Structures are given as structure tokens and as C-alpha cells.
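A.B. asks: File name upload16.cif; file contents mmCIF, C-alpha atoms; full text below.
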```cif
data_start
#
loop_
_atom_site.label_atom_id
_atom_site.label_comp_id
_atom_site.auth_asym_id
_atom_site.auth_seq_id
_atom_site.Cartn_x
_atom_site.Cartn_y
_atom_site.Cartn_z
CA MET Q 1 34.95 24.53 7.22
CA ILE Q 2 33.39 21.16 6.37
CA ASN Q 3 30.25 21.78 8.44
CA ALA Q 4 29.87 25.24 6.95
CA LEU Q 5 29.98 23.85 3.41
CA ILE Q 6 27.54 21.06 4.27
CA ASN Q 7 25.09 23.57 5.76
CA LYS Q 8 25.45 25.93 2.81
CA TYR Q 9 24.65 23.20 0.32
CA ALA Q 10 22.12 21.38 2.52
CA PHE Q 11 19.83 20.67 -0.39
CA PHE Q 12 22.42 18.31 -1.86
CA SER Q 13 22.95 14.71 -0.82
CA ARG Q 14 25.00 14.72 2.40
CA PRO Q 15 26.84 11.50 1.40
CA LEU Q 16 27.79 13.17 -1.90
CA LEU Q 17 29.14 16.25 -0.09
CA LEU Q 18 31.11 14.11 2.33
CA ARG Q 19 32.70 12.21 -0.55
CA LEU Q 20 33.57 15.47 -2.34
CA LEU Q 21 35.00 17.00 0.82
CA LYS Q 22 37.48 14.12 1.09
CA THR Q 23 38.96 15.06 -2.30
CA PRO Q 24 42.51 16.51 -1.90
CA THR Q 25 41.76 19.57 -4.06
CA ILE Q 26 38.64 20.50 -2.12
CA ALA Q 27 40.11 23.91 -1.17
CA GLY Q 28 37.43 25.41 -3.36
CA VAL Q 29 37.80 24.34 -6.97
CA THR Q 30 36.71 20.69 -6.84
CA LEU Q 31 33.59 21.26 -4.75
CA THR Q 32 32.49 24.31 -6.70
CA MET Q 33 32.94 22.68 -10.09
CA SER Q 34 31.28 19.45 -8.95
CA LEU Q 35 28.23 21.27 -7.61
CA LEU Q 36 27.93 23.50 -10.65
CA GLY Q 37 28.34 20.48 -12.91
CA GLY Q 38 25.58 18.66 -11.06
CA LEU Q 39 23.25 21.63 -11.35
CA THR Q 40 23.95 22.07 -15.05
CA GLY Q 41 23.60 18.38 -15.87
CA CYS Q 42 20.35 17.96 -13.97
CA GLN Q 43 18.88 21.14 -15.40
CA LYS Q 44 19.62 20.08 -18.97
CA GLN Q 45 18.03 16.72 -18.30
CA THR Q 46 14.92 18.39 -16.89
CA ASP Q 47 14.61 20.74 -19.83
CA ASN Q 48 14.31 17.80 -22.19
CA GLN Q 49 11.60 16.02 -20.25
CA SER Q 50 8.02 16.03 -21.49
CA THR Q 51 4.81 15.52 -19.61
CA SER Q 52 3.17 12.08 -19.57
CA ASN Q 53 -0.50 11.22 -19.79
CA GLN Q 54 -2.13 9.95 -16.61
CA SER Q 55 -5.05 7.59 -17.12
CA ALA Q 56 -5.92 6.55 -13.56
CA SER Q 57 -8.27 9.47 -12.99
CA ASN Q 58 -9.86 9.26 -16.46
CA SER Q 59 -8.75 12.81 -17.27
CA SER Q 60 -6.35 14.46 -19.66
CA ALA Q 61 -4.19 15.60 -16.75
CA THR Q 62 -0.46 15.06 -16.76
CA THR Q 63 2.32 14.58 -14.26
CA VAL Q 64 4.51 17.62 -14.84
CA SER Q 65 8.29 17.80 -14.85
CA SER Q 66 10.14 20.40 -12.83
CA ASN Q 67 10.35 23.01 -15.59
CA THR Q 68 6.67 22.98 -16.62
CA VAL Q 69 4.58 26.11 -16.06
CA ILE Q 70 2.02 25.34 -13.36
CA ASP Q 71 -1.49 26.62 -12.86
CA THR Q 72 -1.26 28.88 -9.83
CA GLN Q 73 -5.02 28.54 -9.26
CA LEU Q 74 -4.58 24.87 -8.36
CA PRO Q 75 -2.79 23.22 -5.42
CA THR Q 76 0.68 21.85 -6.13
CA VAL Q 77 2.12 18.56 -4.87
CA TYR Q 78 5.84 17.85 -4.99
CA ALA Q 79 6.65 14.11 -5.01
CA THR Q 80 10.16 12.77 -4.62
CA THR Q 81 9.63 10.15 -7.35
CA ASN Q 82 7.34 9.85 -10.33
CA VAL Q 83 5.83 6.68 -8.86
CA TRP Q 84 4.47 8.60 -5.88
CA GLY Q 85 3.75 11.54 -8.16
CA SER Q 86 1.49 9.31 -10.24
CA VAL Q 87 -0.52 8.45 -7.12
CA ALA Q 88 -0.98 12.16 -6.37
CA LYS Q 89 -2.06 12.75 -9.97
CA ALA Q 90 -4.55 9.88 -9.83
CA VAL Q 91 -6.23 11.66 -6.92
CA GLY Q 92 -5.97 15.22 -8.19
CA GLY Q 93 -6.64 14.60 -11.87
CA ASP Q 94 -6.65 17.88 -13.77
CA LYS Q 95 -7.28 19.82 -10.54
CA VAL Q 96 -3.74 19.56 -9.22
CA ASN Q 97 -0.19 20.34 -10.30
CA VAL Q 98 2.25 17.51 -9.62
CA ILE Q 99 5.98 18.14 -9.76
CA VAL Q 100 8.38 15.21 -9.34
CA GLY Q 101 12.02 14.95 -8.40
CA VAL Q 102 13.23 11.56 -9.69
CA ASP Q 103 11.65 10.77 -13.04
CA ASP Q 104 14.46 9.16 -14.99
CA LEU Q 105 15.32 5.47 -15.17
CA SER Q 106 19.03 6.29 -14.86
CA GLN Q 107 18.49 7.87 -11.42
CA ASP Q 108 18.56 5.98 -8.12
CA PRO Q 109 16.06 7.59 -5.72
CA HIS Q 110 18.30 6.69 -2.74
CA ASP Q 111 21.22 8.72 -4.08
CA TYR Q 112 19.45 11.41 -6.09
CA GLN Q 113 21.33 14.70 -6.12
CA ALA Q 114 18.73 17.37 -5.54
CA THR Q 115 19.00 20.64 -7.44
CA ALA Q 116 18.18 24.26 -6.73
CA THR Q 117 15.16 23.74 -9.00
CA ASP Q 118 13.87 21.00 -6.68
CA LYS Q 119 14.19 23.34 -3.74
CA LEU Q 120 12.34 26.09 -5.59
CA ASN Q 121 9.56 23.70 -6.60
CA ILE Q 122 9.07 22.61 -2.99
CA THR Q 123 8.57 26.22 -1.96
CA LYS Q 124 5.70 26.37 -4.48
CA SER Q 125 4.01 23.27 -3.08
CA ALA Q 126 1.26 22.97 -0.50
CA VAL Q 127 1.89 19.23 -0.14
CA MET Q 128 5.03 17.12 -0.41
CA LEU Q 129 4.88 13.37 -0.87
CA VAL Q 130 7.90 11.35 0.26
CA ASN Q 131 8.51 7.63 0.50
CA GLY Q 132 10.28 7.90 3.86
CA GLY Q 133 12.11 5.18 5.76
CA GLY Q 134 15.52 6.45 4.62
CA TYR Q 135 14.61 5.99 0.96
CA ASP Q 136 14.57 9.68 0.00
CA ASP Q 137 16.06 11.60 2.91
CA TRP Q 138 17.25 14.24 0.44
CA GLY Q 139 13.60 15.26 0.05
CA MET Q 140 13.08 15.82 3.75
CA SER Q 141 16.36 17.78 3.93
CA LEU Q 142 15.06 20.07 1.20
CA ALA Q 143 11.67 20.49 2.85
CA GLN Q 144 13.33 21.43 6.13
CA SER Q 145 15.54 23.99 4.41
CA VAL Q 146 12.79 26.12 2.84
CA SER Q 147 10.98 28.94 4.58
CA HIS Q 148 7.57 27.89 3.22
CA LYS Q 149 7.23 24.34 4.53
CA PRO Q 150 4.66 22.11 2.81
CA VAL Q 151 2.58 19.47 4.56
CA VAL Q 152 4.59 16.27 4.20
CA ILE Q 153 2.88 12.95 3.51
CA ASN Q 154 5.26 10.15 4.49
CA ALA Q 155 4.35 6.83 2.84
CA VAL Q 156 6.37 4.64 5.21
CA ALA Q 157 4.80 6.33 8.20
CA LEU Q 158 1.33 5.83 6.75
CA SER Q 159 2.00 2.22 5.84
CA GLY Q 160 2.14 0.87 9.38
CA LEU Q 161 4.77 -1.56 8.10
CA SER Q 162 7.74 -0.11 9.95
CA PRO Q 163 8.05 -0.72 13.71
CA ASN Q 164 9.58 2.75 14.09
CA THR Q 165 6.36 4.68 13.43
CA ASP Q 166 3.63 6.16 15.59
CA ASN Q 167 0.92 8.72 14.89
CA ALA Q 168 1.46 11.51 12.29
CA ALA Q 169 2.19 10.71 8.69
CA ASP Q 170 1.04 14.04 7.29
CA GLU Q 171 2.54 17.03 9.02
CA SER Q 172 4.67 20.09 8.30
CA ALA Q 173 8.30 19.61 7.35
CA SER Q 174 9.40 21.28 10.59
CA GLU Q 175 7.39 18.77 12.63
CA GLN Q 176 8.83 15.92 10.56
CA HIS Q 177 12.31 17.29 11.28
CA GLN Q 178 11.65 17.21 15.02
CA HIS Q 179 10.58 13.58 14.85
CA ASP Q 180 13.38 12.54 12.50
CA THR Q 181 16.06 13.94 14.80
CA GLN Q 182 14.60 11.76 17.54
CA HIS Q 183 14.34 8.81 15.11
CA GLU Q 184 10.56 8.83 15.51
CA ILE Q 185 8.76 9.01 12.18
CA LYS Q 186 5.04 9.16 12.97
CA THR Q 187 2.03 7.58 11.29
CA ALA Q 188 -1.48 9.00 11.00
CA ASP Q 189 -3.49 5.88 11.69
CA PRO Q 190 -1.39 2.86 12.61
CA GLN Q 191 -3.04 -0.38 11.60
CA PRO Q 192 -1.99 -4.04 11.78
CA SER Q 193 0.15 -4.93 8.79
CA ASP Q 194 -0.50 -7.75 6.33
CA HIS Q 195 3.26 -8.08 5.90
CA PRO Q 196 5.42 -9.47 8.72
CA HIS Q 197 8.40 -7.42 9.84
CA VAL Q 198 11.00 -7.24 12.54
CA PRO Q 199 12.53 -4.17 14.20
CA SER Q 200 14.85 -2.28 11.86
CA GLU Q 201 18.29 -0.99 12.66
CA ALA Q 202 19.20 2.68 12.38
CA HIS Q 203 20.22 3.37 8.79
CA SER Q 204 23.70 4.56 7.94
CA GLU Q 205 24.72 7.87 6.40
CA VAL Q 206 25.19 6.23 3.01
CA HIS Q 207 21.91 4.96 1.65
CA SER Q 208 21.40 1.36 0.62
CA HIS Q 209 18.36 -0.55 -0.56
CA SER Q 210 17.69 -2.06 2.85
CA HIS Q 211 17.56 -0.35 6.23
CA GLY Q 212 18.09 -3.11 8.75
CA ASP Q 213 15.46 -5.79 8.20
CA PHE Q 214 12.78 -3.30 7.18
CA ASN Q 215 11.97 -3.04 3.48
CA GLU Q 216 11.37 0.64 2.80
CA HIS Q 217 10.14 0.13 -0.77
CA VAL Q 218 6.50 0.61 0.24
CA PHE Q 219 5.48 1.85 -3.21
CA PHE Q 220 5.10 -1.87 -4.00
CA SER Q 221 2.65 -2.25 -1.10
CA LEU Q 222 -0.84 -1.94 -2.57
CA ASP Q 223 -2.40 -1.26 0.82
CA THR Q 224 0.07 1.58 1.35
CA ALA Q 225 -0.75 3.10 -2.04
CA LYS Q 226 -4.39 3.30 -1.00
CA LYS Q 227 -3.50 4.96 2.30
CA VAL Q 228 -1.33 7.50 0.51
CA ALA Q 229 -4.13 8.27 -1.96
CA GLU Q 230 -6.51 8.88 0.94
CA ALA Q 231 -3.99 11.19 2.62
CA VAL Q 232 -3.47 13.14 -0.61
CA ASN Q 233 -7.25 13.42 -1.01
CA LYS Q 234 -7.53 14.86 2.51
CA GLN Q 235 -4.83 17.47 1.97
CA LEU Q 236 -5.99 18.53 -1.50
CA ALA Q 237 -9.57 18.91 -0.26
CA ALA Q 238 -8.33 21.13 2.56
CA THR Q 239 -6.27 23.22 0.14
CA SER Q 240 -8.90 23.45 -2.61
CA PRO Q 241 -12.39 22.86 -1.11
CA ALA Q 242 -14.11 23.74 -4.41
CA ASN Q 243 -12.65 20.57 -5.95
CA GLN Q 244 -13.32 18.30 -2.98
CA ALA Q 245 -15.91 16.18 -4.80
CA ILE Q 246 -13.55 15.59 -7.73
CA TYR Q 247 -10.74 14.49 -5.47
CA ALA Q 248 -13.04 12.15 -3.55
CA LYS Q 249 -14.36 10.56 -6.75
CA ASN Q 250 -10.87 10.08 -8.18
CA THR Q 251 -9.65 8.56 -4.91
CA GLN Q 252 -12.52 6.08 -4.85
CA GLN Q 253 -11.80 5.07 -8.45
CA PHE Q 254 -8.11 4.64 -7.64
CA ILE Q 255 -8.85 2.45 -4.61
CA GLN Q 256 -11.17 0.27 -6.70
CA GLN Q 257 -8.43 -0.16 -9.29
CA ILE Q 258 -5.91 -1.11 -6.61
CA ASP Q 259 -8.33 -3.63 -5.13
CA ALA Q 260 -8.71 -5.21 -8.58
CA LEU Q 261 -4.94 -5.34 -8.97
CA LYS Q 262 -4.62 -7.06 -5.60
CA VAL Q 263 -7.00 -9.78 -6.77
CA LYS Q 264 -4.95 -10.12 -9.95
CA ALA Q 265 -1.78 -10.42 -7.87
CA GLN Q 266 -3.25 -13.16 -5.70
CA GLN Q 267 -4.23 -15.17 -8.77
CA ILE Q 268 -0.60 -15.42 -9.91
CA GLY Q 269 0.45 -17.67 -7.06
CA GLN Q 270 -2.81 -19.56 -6.55
CA ARG Q 271 -2.37 -23.34 -6.49
CA LYS Q 272 1.33 -22.92 -7.28
CA ALA Q 273 4.48 -23.16 -5.21
CA ILE Q 274 6.54 -20.33 -6.72
CA THR Q 275 9.88 -19.28 -5.27
CA ALA Q 276 12.07 -16.32 -6.15
CA PHE Q 277 15.65 -15.21 -5.63
CA ALA Q 278 15.75 -11.39 -5.45
CA THR Q 279 19.03 -9.54 -5.88
CA GLU Q 280 17.46 -6.64 -3.95
CA PRO Q 281 14.41 -6.49 -1.63
CA VAL Q 282 12.63 -3.89 -3.77
CA ILE Q 283 9.50 -5.86 -4.60
CA GLY Q 284 9.06 -7.79 -1.35
CA TYR Q 285 5.55 -6.56 -0.55
CA LEU Q 286 4.18 -7.33 -4.00
CA LEU Q 287 5.84 -10.76 -3.95
CA ALA Q 288 3.86 -11.49 -0.79
CA ASP Q 289 0.64 -10.33 -2.45
CA MET Q 290 1.36 -12.65 -5.37
CA GLY Q 291 1.97 -15.59 -3.05
CA ILE Q 292 5.57 -15.94 -4.25
CA LYS Q 293 8.02 -17.09 -1.59
CA ASP Q 294 11.26 -15.11 -1.37
CA VAL Q 295 14.04 -17.66 -0.84
CA THR Q 296 16.97 -15.29 -1.25
CA PRO Q 297 19.74 -16.54 1.08
CA LYS Q 298 20.02 -14.32 4.14
CA ALA Q 299 23.77 -14.05 3.72
CA TYR Q 300 23.35 -12.77 0.17
CA ALA Q 301 20.73 -10.21 1.19
CA VAL Q 302 22.96 -8.87 3.97
CA GLN Q 303 26.27 -8.88 2.12
CA SER Q 304 24.88 -7.40 -1.09
CA GLU Q 305 24.16 -4.19 0.86
CA THR Q 306 27.71 -3.76 2.14
CA ASP Q 307 30.62 -1.94 0.51
CA ALA Q 308 32.56 -5.22 0.32
CA GLY Q 309 29.76 -6.92 -1.57
CA VAL Q 310 28.95 -10.62 -1.70
CA SER Q 311 31.71 -13.05 -0.72
CA VAL Q 312 32.90 -15.69 -3.17
CA LYS Q 313 31.36 -18.46 -1.07
CA VAL Q 314 27.95 -16.79 -0.79
CA LEU Q 315 27.95 -15.96 -4.49
CA ASN Q 316 28.80 -19.55 -5.40
CA ASP Q 317 26.09 -20.87 -3.09
CA SER Q 318 23.62 -18.47 -4.71
CA LYS Q 319 24.68 -19.54 -8.18
CA SER Q 320 24.07 -23.17 -7.29
CA LEU Q 321 20.43 -22.35 -6.50
CA LEU Q 322 20.03 -21.13 -10.07
CA SER Q 323 22.10 -23.77 -11.85
CA ASN Q 324 20.25 -26.52 -9.95
CA LYS Q 325 16.91 -24.81 -10.59
CA GLN Q 326 16.09 -24.66 -6.90
CA VAL Q 327 14.32 -21.34 -7.44
CA GLY Q 328 11.55 -20.56 -9.87
CA LEU Q 329 12.49 -16.95 -10.67
CA LEU Q 330 15.36 -14.51 -10.50
CA VAL Q 331 14.15 -10.98 -9.68
CA VAL Q 332 16.52 -8.11 -10.45
CA ASN Q 333 16.39 -4.33 -10.13
CA ALA Q 334 16.57 -3.03 -13.70
CA GLN Q 335 17.96 0.30 -12.50
CA THR Q 336 20.87 -0.84 -10.32
CA GLU Q 337 22.56 -3.79 -12.01
CA ASP Q 338 26.10 -4.52 -10.82
CA ALA Q 339 28.72 -7.14 -11.68
CA THR Q 340 27.24 -9.67 -9.24
CA SER Q 341 23.68 -9.37 -10.48
CA LYS Q 342 24.88 -9.56 -14.08
CA GLN Q 343 26.59 -12.87 -13.29
CA LEU Q 344 23.37 -14.19 -11.79
CA ILE Q 345 21.32 -13.02 -14.78
CA THR Q 346 23.69 -14.76 -17.19
CA LEU Q 347 23.56 -17.98 -15.18
CA ALA Q 348 19.76 -17.86 -14.80
CA LYS Q 349 19.30 -17.51 -18.55
CA ALA Q 350 21.71 -20.36 -19.20
CA SER Q 351 19.78 -22.48 -16.69
CA THR Q 352 16.41 -21.47 -18.20
CA VAL Q 353 15.32 -19.81 -14.95
CA PRO Q 354 13.02 -16.89 -15.84
CA VAL Q 355 14.38 -13.42 -15.04
CA VAL Q 356 11.96 -10.64 -14.05
CA ALA Q 357 13.17 -7.04 -13.96
CA VAL Q 358 11.48 -4.57 -11.61
CA TYR Q 359 11.70 -0.79 -11.42
CA GLU Q 360 11.76 1.95 -8.78
CA THR Q 361 10.54 4.65 -11.17
CA LEU Q 362 8.04 4.47 -14.01
CA PRO Q 363 9.50 2.51 -16.93
CA ASP Q 364 9.19 3.73 -20.51
CA GLY Q 365 5.61 3.80 -21.76
CA VAL Q 366 4.09 3.69 -18.25
CA THR Q 367 2.39 6.88 -17.07
CA SER Q 368 0.25 5.91 -14.07
CA TYR Q 369 0.63 3.97 -10.84
CA THR Q 370 -1.96 1.38 -11.83
CA GLN Q 371 -0.13 0.78 -15.12
CA PHE Q 372 3.12 0.49 -13.16
CA ILE Q 373 1.72 -2.26 -10.94
CA GLU Q 374 -0.18 -3.98 -13.74
CA LYS Q 375 2.93 -4.19 -15.93
CA THR Q 376 4.86 -5.70 -13.02
CA LEU Q 377 2.14 -8.27 -12.40
CA ASP Q 378 1.95 -9.13 -16.10
CA ASP Q 379 5.71 -9.70 -16.19
CA PHE Q 380 5.50 -12.10 -13.24
CA ALA Q 381 2.47 -13.86 -14.66
CA ALA Q 382 4.26 -14.42 -17.95
CA ALA Q 383 7.37 -15.74 -16.16
CA THR Q 384 5.39 -18.24 -14.06
CA ARG Q 385 3.21 -19.78 -16.76
#
```
The structure given in the file should be rewritten as C-alpha cells.
C.D. replies:
Amino acid sequence: MINALINKYAFFSRPLLLRLLKTPTIAGVTLTMSLLGGLTGCQKQTDNQSTSNQSASNSSATTVSSNTVIDTQLPTVYATTNVWGSVAKAVGGDKVNVIVGVDDLSQDPHDYQATATDKLNITKSAVMLVNGGGYDDWGMSLAQSVSHKPVVINAVALSGLSPNTDNAADESASEQHQHDTQHEIKTADPQPSDHPHVPSEAHSEVHSHSHGDFNEHVFFSLDTAKKVAEAVNKQLAATSPANQAIYAKNTQQFIQQIDALKVKAQQIGQRKAITAFATEPVIGYLLADMGIKDVTPKAYAVQSETDAGVSVKVLNDSKSLLSNKQVGLLVVNAQTEDATSKQLITLAKASTVPVVAVYETLPDGVTSYTQFIEKTLDDFAAATR
């Protein structure tokens, strides 16, 4: 019974289904009403979303929401988040349709509850852009469930940052499924990483913001963003050869902008010894680019990802770092604050330790990937003056 229900509603988050199936009244009413409620709520939210201007490609193109009418003469890219969607739009400009799944600040990409609309949009897409690394497994589950399987571009696989990657970051969803079931996500062109890492552990059924010691938030890796743009360029050119020159030009412009942002990042930590306590590992790659040392206690980083949370001792030790001003910054995830992080924010402010909030989706007023990174860098620059 349980497996049948999970298979029937495969396009929903498996952890969500498992939680619902444990409910005593699951004989039919609870599950049905919960699923219908999720569909209705998400659809209403989508219907109120408007398109946002994308400046990276110097065009009037927009990143579309899931209910926008698309131009069937152009290739369509489905991206699991609006951050990755903005990279696809930077490459495609006004010669691509981009549909995104997670585009609301109240949504956590790890635990996003996919809708029937998401599944339908994926069937319309020639290319699907996922973060990978356990960050948005719901996207891969959807891609595997549709009859028309798009080419999947996996950012983690392309990054070369994870030790569990090999040789094919852009492949059909069915091929990705084969590799995922063997725990072998493949990369297209593995290259030495600028960011040190150690082998990751297999991630659990319930998503967290850290999978073993590997930081899957590669959208904050500038080198990875360039690799993803190049992969999108390749796939769009293959799908729409008539627009190949436009895609190539936009990609080159995007790469130049990212290179400039990397220089700007490096200037933040030049001739300074800046340290940061991060309540989550979200921005680790960009911290490294800025030359900011992450001094988050290992015990805090590990315990904060467990159901039990941070122990009293570890929390008190962490608080002492802030109250004694042994760290230069407190970095928090603006989209996933909990009671522990709120305590640390309050203490940091009382101790005059600057607090920098970071995001996993585009914040209000930001419509492109380059703006997303530039705003983040500006916030850190202001906090370290």
C-alpha cells in the first residue's frame, strides 16, 4: 500500500510522503487532502507571480514563472531554482524560455514540494538544469517520471568539487537515473578544484543543508556558474542552431561578468584577516573566493544538521565566540532561520559583530545571477569595512 502510494505520487517529495503516510488517518482522507491542498496552494502562488527582467544578457528577456505562456518556436529550459534559471536566461537571452520551480523566498529548495504543473513544464523542456548533490532530488525524480526526458545539466557534476563525480554532467534523465541508483553522478569534464574537499557520506532520505562534508551549494561557486553557462550554451545551440551565435555571445559576456565579480570578491579579503561563523555552509565557496576564513566550530556544523539540533554546550561555546568577538562576522541563511540562529543573531548584534544574511533563491529586487552575486559581495564588503 505504502509503496503503491509513493509510486503514484512520485513527483512529490518522498520525505513528505513518508511523513504523511505515518499519520494515523492515512487510510485515504489525510493523504488525499494533503496532496490536494499542496497542489492548490502552490498553484495559487504561481498564478500571482510575475516575470522579472534579466539584465545579464543585455536583452529585454525575462525568466518566466510556471504559468507563463511560452514561445513554442524557442527551446525551453526548466531550472529547479530561479538562481540556476537566471544563469540559463543569461545565456539564452530572448531566444529561450526559462521555467523555474523554486522562485519564492519562503521556499526551501531542499524540501520543495513539486506540483503537477512542474511535471508538465518538464515535459515541455528540451533541457533541465538541476543543482544536484542531493540539493534538489525532487527535480531528478520528476525528470525520471516523464515520458519525454530532457537533457539534464547537473551543476554539482559539472563543478568537479564533489569526489563522487566522473564524466557526464549533461545527459538524459534516464541516464542520470541509472547513475544515481549506483550513487555515481557523472561530470562532463572533471577538472582540479580551487576549493578543497573531502569524501562525502551518502546523504539521508531527509534532506539537510550538508551532505557529509561536501557542500552542495555550488551556485555560490563562480567557477561552477561559468561551467554551467557553457553547458547551457552547448545544449541550446544544439537545440536551436539558428541562434547559436547569440547564445555564444551571451555566454562570453556572462563569463566576463563572472570573472569581474571574482576579482571583486578577492578584493574584499585582501590584506585583511577576516573570519566568519556560518550557521549553515551555504556560502562556503564564495567565502573562499573572498578570502574569508570560516571558523564555524565543527561540532556546531555537524549538530546543526541533526534532528536533535545543537547541544547546550556547543551552543554556549559558539555564543562565547560572538560575545568575545573572536569572529569578525556572523553569516546566516535568511530563508531558514530557526531558534538557535535567532539566538546567535541577537547576541551578535548585542556584541556589535556584523551579521550578513545570504540567500538560496533570488532576493527581492534581484533578477539576474550577476546581480545575485554582486549584492552578496556588496553586503560582505559593507560588513567588513
A.B. asks: Write out as a list in words which residues come within 8 Å of Val102 of chain Q when counting all atoms listed in the file, dropping same-chain ones fewer than 6 positions away.
C.D. replies: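 The residues that qualify are Thr80, Thr81, Asn82, Asp108, Pro109, Tyr112 and Thr361 of chain Q.
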A.B. asks: My list of candidates is Q:Ala288, Q:Glu216, Q:Ile99, Q:Thr279. Which is closest to Gln303 of chain Q when distances are computed with all atoms listed in the file?
C.D. replies: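 Closest to Gln303 of chain Q of all the choices is Q:Thr279.
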A.B. asks: Which residue is closest to Val310 of chain Q? Choose from Q:Asp137, Q:Asp294, Q:Glu360, Q:Asp338 and count all atoms listed in the file.
C.D. replies: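 Result for the nearest residue to Val310 of chain Q: Q:Asp338.
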A.B. asks: Compare Q:Gln253, Q:Met290, Q:Thr352, Q:Leu322 by their minimum atom-to-atom distance to Arg271 of chain Q, counting only C-alpha atoms, and give me the closest one.
C.D. replies: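 Of all the options, Q:Met290 lies closest to Arg271 of chain Q.
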A.B. asks: Would you mind telling me which residue in Q:Ser368, Q:Ser320, Q:Gln256, Q:Thr239 lies nearest to Val77 of chain Q when using only C-alpha atoms?
C.D. replies: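 With only C-alpha atoms as the atom set, the closest residue is Q:Thr239.
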A.B. asks: Counting all atoms listed in the file, what is within 12 Å of Val358 of chain Q, bar same-chain residues fewer than 4 positions away, as a VMD selection string?
C.D. replies: chain Q and resid 105 217 220 278 to 284 286 to 287 330 to 337 362 to 363 372 to 380
A.B. asks: What gap, in Å, lies between atom CA of Ile292 of chain Q and atom CA of Gln371 of chain Q?
C.D. replies: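 Those two atoms sit 20.7 Å apart.
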A.B. asks: Let me make sure I understand: among Q:Asp213, Q:Gln73, Q:Ser221, Q:Lys349, which one has the smallest atom-to-atom distance to Glu305 of chain Q if we use all atoms listed in the file?
C.D. replies: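 Closest to Glu305 of chain Q, using all atoms listed in the file: Q:Asp213.
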A.B. asks: Closest to Val100 of chain Q among Q:Ala116, Q:Val366, Q:Val130, Q:Ala237, using only C-alpha atoms?
C.D. replies: Q:Val130
A.B. asks: Quick one: pull the distance between atom CA of Ala382 of chain Q and atom CA of Lys264 of chain Q, Å, one decimal.
C.D. replies: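 Here the two named atoms are 12.9 Å from each other.
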A.B. asks: Can I get N, CA and C atoms for segment 298-311 of chain Q, as a PDB file, in the first residue's frame?
C.D. replies:
```pdb
ATOM      1  N   LYS Q 298      33.391  22.833  14.341  1.00  0.00           N
ATOM      2  CA  LYS Q 298      32.982  21.598  13.672  1.00  0.00           C
ATOM      3  C   LYS Q 298      31.775  20.979  14.358  1.00  0.00           C
ATOM      4  N   ALA Q 299      31.768  21.004  15.663  1.00  0.00           N
ATOM      5  CA  ALA Q 299      30.658  20.407  16.408  1.00  0.00           C
ATOM      6  C   ALA Q 299      29.347  21.116  16.093  1.00  0.00           C
ATOM      7  N   TYR Q 300      29.405  22.436  15.948  1.00  0.00           N
ATOM      8  CA  TYR Q 300      28.186  23.181  15.609  1.00  0.00           C
ATOM      9  C   TYR Q 300      27.711  22.806  14.209  1.00  0.00           C
ATOM     10  N   ALA Q 301      28.637  22.771  13.267  1.00  0.00           N
ATOM     11  CA  ALA Q 301      28.282  22.462  11.879  1.00  0.00           C
ATOM     12  C   ALA Q 301      27.629  21.088  11.771  1.00  0.00           C
ATOM     13  N   VAL Q 302      28.150  20.120  12.521  1.00  0.00           N
ATOM     14  CA  VAL Q 302      27.607  18.755  12.464  1.00  0.00           C
ATOM     15  C   VAL Q 302      26.261  18.680  13.172  1.00  0.00           C
ATOM     16  N   GLN Q 303      26.198  19.193  14.392  1.00  0.00           N
ATOM     17  CA  GLN Q 303      24.981  19.054  15.180  1.00  0.00           C
ATOM     18  C   GLN Q 303      23.821  19.883  14.632  1.00  0.00           C
ATOM     19  N   SER Q 304      24.113  20.986  13.996  1.00  0.00           N
ATOM     20  CA  SER Q 304      23.046  21.839  13.478  1.00  0.00           C
ATOM     21  C   SER Q 304      22.272  21.158  12.358  1.00  0.00           C
ATOM     22  N   GLU Q 305      22.846  20.089  11.776  1.00  0.00           N
ATOM     23  CA  GLU Q 305      22.181  19.371  10.691  1.00  0.00           C
ATOM     24  C   GLU Q 305      21.420  18.142  11.165  1.00  0.00           C
ATOM     25  N   THR Q 306      21.407  17.908  12.466  1.00  0.00           N
ATOM     26  CA  THR Q 306      20.709  16.739  13.005  1.00  0.00           C
ATOM     27  C   THR Q 306      19.332  17.139  13.512  1.00  0.00           C
ATOM     28  N   ASP Q 307      18.466  16.128  13.696  1.00  0.00           N
ATOM     29  CA  ASP Q 307      17.125  16.388  14.223  1.00  0.00           C
ATOM     30  C   ASP Q 307      17.191  16.928  15.648  1.00  0.00           C
ATOM     31  N   ALA Q 308      18.178  16.472  16.417  1.00  0.00           N
ATOM     32  CA  ALA Q 308      18.300  16.901  17.816  1.00  0.00           C
ATOM     33  C   ALA Q 308      18.765  18.346  17.925  1.00  0.00           C
ATOM     34  N   GLY Q 309      19.465  18.824  16.916  1.00  0.00           N
ATOM     35  CA  GLY Q 309      19.957  20.187  16.944  1.00  0.00           C
ATOM     36  C   GLY Q 309      21.236  20.331  17.750  1.00  0.00           C
ATOM     37  N   VAL Q 310      21.611  21.563  18.011  1.00  0.00           N
ATOM     38  CA  VAL Q 310      22.868  21.865  18.698  1.00  0.00           C
ATOM     39  C   VAL Q 310      22.701  21.671  20.201  1.00  0.00           C
ATOM     40  N   SER Q 311      23.681  21.007  20.814  1.00  0.00           N
ATOM     41  CA  SER Q 311      23.629  20.779  22.262  1.00  0.00           C
ATOM     42  C   SER Q 311      23.840  22.094  23.002  1.00  0.00           C
TER      43      SER Q 311
END
```
